[in-house]
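Data block below; observations after.
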Amino acid sequence: MRGTLRIVFLLLGLGVLVVAPLGQGNYVIYLLCSWLIFTIAAMGLNLTLGYAGQISLAQASFMAIGAYTTAIVTLAGWPWVVGMLLGVVECLIVGLLLGFPALRVKGHFLAFVTLAFNVLVFLVSRNEEWLTGGIYGLSGMPRPSVLGFSTMKQLPFYYFTLFVFVVFAALMYGIIRSPWGRAFKALRENPIRAESLGVDTRRLTLLAFAIGSAGGGLAGALVSPLVQYIDPTSFAFGHSLRILLMVVVGGSGYFFGPMLGAAIVILMPEFLRFTEGYYLMIYAVLVIVLMVYCPSGLIGLGAKLRDLVRRKPVERGDLKAGAQL
Amino acid sequence: MSEFLQVVLSGLATGSIYALAAIGFTLVWQAAQTVNFAQGEFVMLPAFFVLIALNWLGWPLWAALAFGLVISVLVLGLLFKKLVVEPMLPNTGLPLIIATMAVAILLKEGAKEFYGAEAQPYPALFPHTTLSVGGAVVSIQDILNILVSLSVVLALTLFLDRTRTGRCIQATAQNPAVAEILGVKTRRMVLYTFLINAALAALASMLISPVYLAKFSNGETLGIVAFIAAIVGGFNQIRGALVGGLLIGVLDNLTATYVTTTYRAALPLVLLIVIILWRPQGLLGTSEGRQV
């Protein structure tokens with residue numbers, strides 16, 4: 001029963017996503033596209049942070065790697081798919097390498113290492129003009145054509161993004177439900193116990209980092225043809241912070257958390273236009289309040305409210321979840 | 001050789017200011033388990049308080065500086081502790097990190113909206129004259145910056161080592177539970193730490209703003225430098241943060257002069273990654289036990 005209900009809701013949600021852009025202006029469709037793209041990046045980070053419990057402040061730099069690779073490849077006349085695959089594979093490899101510090105250091109230190117990595121990528125993309133165009137960036141990337149249909153117009157490109165998004169989300173769902181996903185959670189909740197139960201924590205930490213980073217790469221590969229202009233500032237450290245906030249505000253460790261979080265970060269400025277420059281300040285205050293009252297994010301808040309209304313089964317004290325994130 | 005001396009000296013001058021920010025960061029990290037991602041903004045903001053007193057209220061410079069210090073201690077010390085950190089305890093960790101990041105955004109946007117987005121000229125505290133020592137041109141400002149920062153660090157070390165309150169703060173940092181049992185008012189000690197951090201940040205702000213100008217986005221670079229200095233030096237001691245700050249100041253200047261200007265910002269980052277991988281406890285740190 002719950003299973004069928006879930007499928008009905010998923011199909012409804014998908015239906016809404018399909019009809020959402022119809023009859024809308026180019027700008028709204030552009031916003032929806034960037035929402036989907038940032039959701040992909042945030043879902044990747046959610047795997048690293050929410051499921052495996054490793055803080056990464058470098059998601060924007062993986063978007064940079066994906067975006068620049070796709071831009072360079074498509075500008076050279078190759079199809080988008082080649083650039084995307086190349087970008088994702090690069091991110092997997094770099095993610096693996098960056099994951100090694102994660103094996104030695106935890107928590108805050110990891111945050112600093114990834115932060116440093118993000119700034120390094122920014123510096124390289126700014127300084128290596130022969131490759132990345134320096135501060136002028138790269139522009140005029142063609143949009144991909146699928147089975148002979150061009151996606152140069154905004155609406156077809158939206159459906160293209162939606163398709164990639166659905167495939168990626170299904171993949172993520174599969175990973176989370178797989179033994180890997182369960183092992184990731186074990187790693188987050190209690191690494192020592194996970195290890196003692198035979199989970200290879202070394203391999204899993206690296207894997208979580210690599211897969212999460214690949215999500216960033218995929219998002220970057222979509223940004224490139226959407227905006228058709230990329231420069232170093234679009235992937236600066238502030239954007240990693242934005243993606244991190246998407247995950248945390250939505251609810252880290254919840255599958256739908258990043259979608260909600262990305263919607264808030266991308267779409268809320270549009271609704272708060274009237275507040276002009278104060279938007280970010282309002283947002284910051286809301287984040288602080290949320291962190292104080294409900295560190296598990298908006299979805300966690302929803303779950304809390306639901307538990308208030310619904311009679312909950314008595315929990316056995318000794319079976320309660322272990323360490324909280 | 002004289003050029004080398006000049007470069008090292010001005011590196012030490014900026015480095016000693018970085019050290020102030022790094023020491024405050026270390027103190028709060030150790031005594032309150034709060035990793036303050038807004039430390040850079042804490043150094044950016046006090047300069048604006050001073051500017052407000054100078055330009056909006058028309059106060060003289062010394063009064064403006066005092067105003068800046070007091071307001072900083074109240075806002076960045078007391079309010080930060082009471083409104084952001086305290087409600088989150090004992091839930092430190094990721095939520096607190098995220099909250100301090102939000103504080104960083106709030107302070108940055110606040111400075112931009114309420115004062116201005118352009119870099120603001122900031123009055124020099126010391127004369128701009130230079131001395132010639134053995135062929136090297138030495139700026140008085142650099143020398144005084146070093147002297148002021150180092151004497152503050154020295155005073156702080158003496159306070160922590162020699163006074164009863166200072167030792168209580170150290171005890172709180174090392175083991176809050178035992179300190180509490182021994183009758184240390186740990187909550188008050190943690191509050192003192194936050195106040196000291198705010199004062200250090202205010203001082204760093206007043207010293208560095210004549211060089212960098214007061215700009216709302218200054219916090220980004222200053223924050224990263226403060227983290228790196230704290231970690232590179234050995235985050236569990238004041239000495240470590242001091243050495244880390246000076247080292248980064250000097251290395252940064254040397255790279256910019258002799259190696260490359262485009263990648264000068266990369267050096268501290270590479271240093272950070274290498275240190276974390278090779279010696280996570282920092283150059284002077286000990287792997288276990290915490291000290292203030």
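Letters A, B, ... go to the chains of the structure tokens in the order shown; residues in each chain start at 1; ligands are counted from 1 in the same order.
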For segment 40-57 of chain B, please output as a ChimeraX atom specification all residues within 6 Å (counting only C-alpha atoms; exclusion window: fewer than 6 positions along the same chain).
/B:64-65,68,72,104,201-202,205-206,218-220,222-223
I want to know what sits within 12 Å of Ser34 of chain A, based on only C-alpha atoms, with residues of the same chain fewer than 2 positions away left out; could you give that as a ChimeraX atom specification?
/A:27-32,36-42,154,157-158,161-162,165,219-220,222-227,259,262-263,265-267
Deliver the residues from the most recent selection as a file, using C-alpha atoms, as a compact mmCIF listing (two decimals), in the first residue's frame.
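What follows is the written file part.txt:
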# COMPACT_ATOMS: atom_id res chain seq x y z
CA TYR A 27 13.55 33.30 -17.73
CA VAL A 28 11.30 31.02 -15.68
CA ILE A 29 12.41 28.02 -17.72
CA TYR A 30 16.01 29.08 -17.19
CA LEU A 31 15.38 29.19 -13.42
CA LEU A 32 13.80 25.73 -13.49
CA LEU A 36 17.41 20.93 -11.61
CA ILE A 37 21.13 21.33 -12.21
CA PHE A 38 21.92 22.56 -8.71
CA THR A 39 19.76 19.75 -7.35
CA ILE A 40 22.03 17.29 -9.14
CA ALA A 41 25.11 18.89 -7.55
CA ALA A 42 23.42 18.99 -4.15
CA GLN A 154 14.96 26.92 -23.92
CA PHE A 157 16.81 22.13 -23.23
CA TYR A 158 14.63 21.99 -20.12
CA THR A 161 17.96 18.60 -18.35
CA LEU A 162 14.91 16.95 -16.80
CA PHE A 165 18.05 14.71 -13.78
CA ALA A 219 25.90 19.35 -12.88
CA GLY A 220 28.83 21.30 -14.34
CA LEU A 222 24.84 20.83 -17.78
CA VAL A 223 25.67 24.36 -16.64
CA SER A 224 28.02 24.84 -19.56
CA PRO A 225 25.36 24.53 -22.32
CA LEU A 226 22.65 26.20 -20.20
CA VAL A 227 24.47 29.45 -19.53
CA MET A 259 15.57 19.21 -4.17
CA ALA A 262 17.97 23.88 -4.07
CA ALA A 263 14.45 25.16 -4.74
CA VAL A 265 18.21 28.76 -2.62
CA ILE A 266 17.47 29.25 -6.34
CA LEU A 267 13.85 30.32 -6.32
Counting only C-alpha atoms, chain A residues within 7 Å of chain B, as a ChimeraX atom specification
/A:101,113,116,120,127,277,280-281,284,287-288,291-292,295,325
Write a file of the selected residues as an mmCIF file, in the first residue's frame, keeping C-alpha atoms.
data_model
loop_
_atom_site.group_PDB
_atom_site.id
_atom_site.type_symbol
_atom_site.label_atom_id
_atom_site.label_comp_id
_atom_site.auth_asym_id
_atom_site.auth_seq_id
_atom_site.Cartn_x
_atom_site.Cartn_y
_atom_site.Cartn_z
ATOM 1 C CA PRO A 101 42.851 13.260 3.073
ATOM 2 C CA VAL A 113 41.238 20.628 2.878
ATOM 3 C CA ALA A 116 41.654 24.836 -0.005
ATOM 4 C CA LEU A 120 43.108 26.146 -5.863
ATOM 5 C CA ASN A 127 45.355 31.916 -14.306
ATOM 6 C CA GLY A 277 19.673 43.633 -1.073
ATOM 7 C CA LEU A 280 20.800 37.258 1.700
ATOM 8 C CA MET A 281 20.646 38.659 5.225
ATOM 9 C CA ALA A 284 21.272 33.877 6.697
ATOM 10 C CA VAL A 287 19.486 29.397 8.327
ATOM 11 C CA ILE A 288 20.745 30.218 11.831
ATOM 12 C CA MET A 291 20.123 25.225 12.682
ATOM 13 C CA VAL A 292 19.227 26.139 16.258
ATOM 14 C CA PRO A 295 19.553 20.847 12.560
ATOM 15 C CA LEU A 325 25.143 14.068 12.300
#
Running DSSP on the backbone, which parts of segment 125-212 of chain B land in strand (DSSP E), as a ChimeraX atom specification?
/B:130-133,136-139
Using N, CA and C atoms, can you export the residues from the last selection as a CSV table (one decimal), in the first residue's frame?
chain,number,residue,atom,x,y,z
B,130,THR,N,59.3,56.3,6.4
B,130,THR,CA,60.2,55.1,6.3
B,130,THR,C,61.6,55.4,6.9
B,131,LEU,N,62.2,54.4,7.3
B,131,LEU,CA,63.6,54.5,7.9
B,131,LEU,C,64.5,53.8,6.9
B,132,SER,N,65.7,54.2,6.9
B,132,SER,CA,66.7,53.5,6.0
B,132,SER,C,67.7,52.8,7.0
B,133,VAL,N,67.6,51.4,7.0
B,133,VAL,CA,68.5,50.7,7.9
B,133,VAL,C,69.4,49.8,7.0
B,136,ALA,N,68.2,49.0,3.5
B,136,ALA,CA,66.9,48.6,3.4
B,136,ALA,C,65.9,49.7,3.8
B,137,VAL,N,64.9,49.9,3.0
B,137,VAL,CA,63.9,50.9,3.4
B,137,VAL,C,62.8,50.2,4.3
B,138,VAL,N,62.7,50.6,5.5
B,138,VAL,CA,61.8,50.0,6.4
B,138,VAL,C,60.7,50.9,6.8
B,139,SER,N,59.5,50.4,6.7
B,139,SER,CA,58.4,51.3,7.0
B,139,SER,C,58.0,51.3,8.5
Could you check which of A:Ala76, A:Ala111, A:Met246, A:Leu47 is closest to Tyr173 of chain A, using only C-alpha atoms?
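Among A:Ala76, A:Ala111, A:Met246, A:Leu47, it is A:Leu47 that comes nearest to Tyr173 of chain A.
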Residues flagged alpha helix (DSSP H) by DSSP in segment 2-237 of chain B, as a ChimeraX atom specification:
/B:2-32,39-51,61-72,86-88,94-114,140-162,164-174,176-181,186-212,218-233
Of the listed residues B:Leu160, B:Ala119, B:Ala31, B:Leu283, that which approaches Phe216 of chain B most closely, counting only C-alpha atoms:
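Selected residue with least distance to Phe216 of chain B: B:Ala119.
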For a test of reading the model, state the distance in Å between atom CA of Ile146 of chain B and atom CA of Ala13 of chain B, rounded to one decimal.
5.1 Å
Write out as JSON, numbers by chain which residues come within 12 Å of Arg202 of chain A when counting only C-alpha atoms, dropping same-chain ones fewer than 5 positions away.
{"A": [52, 96, 99, 100, 101, 102, 103, 104, 183, 184, 187, 191, 192, 194, 195, 207, 208, 209]}
Point-to-point distance in Å for atom CA of Val225 of chain B and atom CA of Ser240 of chain A
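The value is 18.2 Å.
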Interatomic distance (Å, one decimal) between atom CA of Ile135 of chain A and atom CA of Pro232 of chain A
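So the two atoms, atom CA of Ile135 of chain A and atom CA of Pro232 of chain A, lie 6.5 Å apart.
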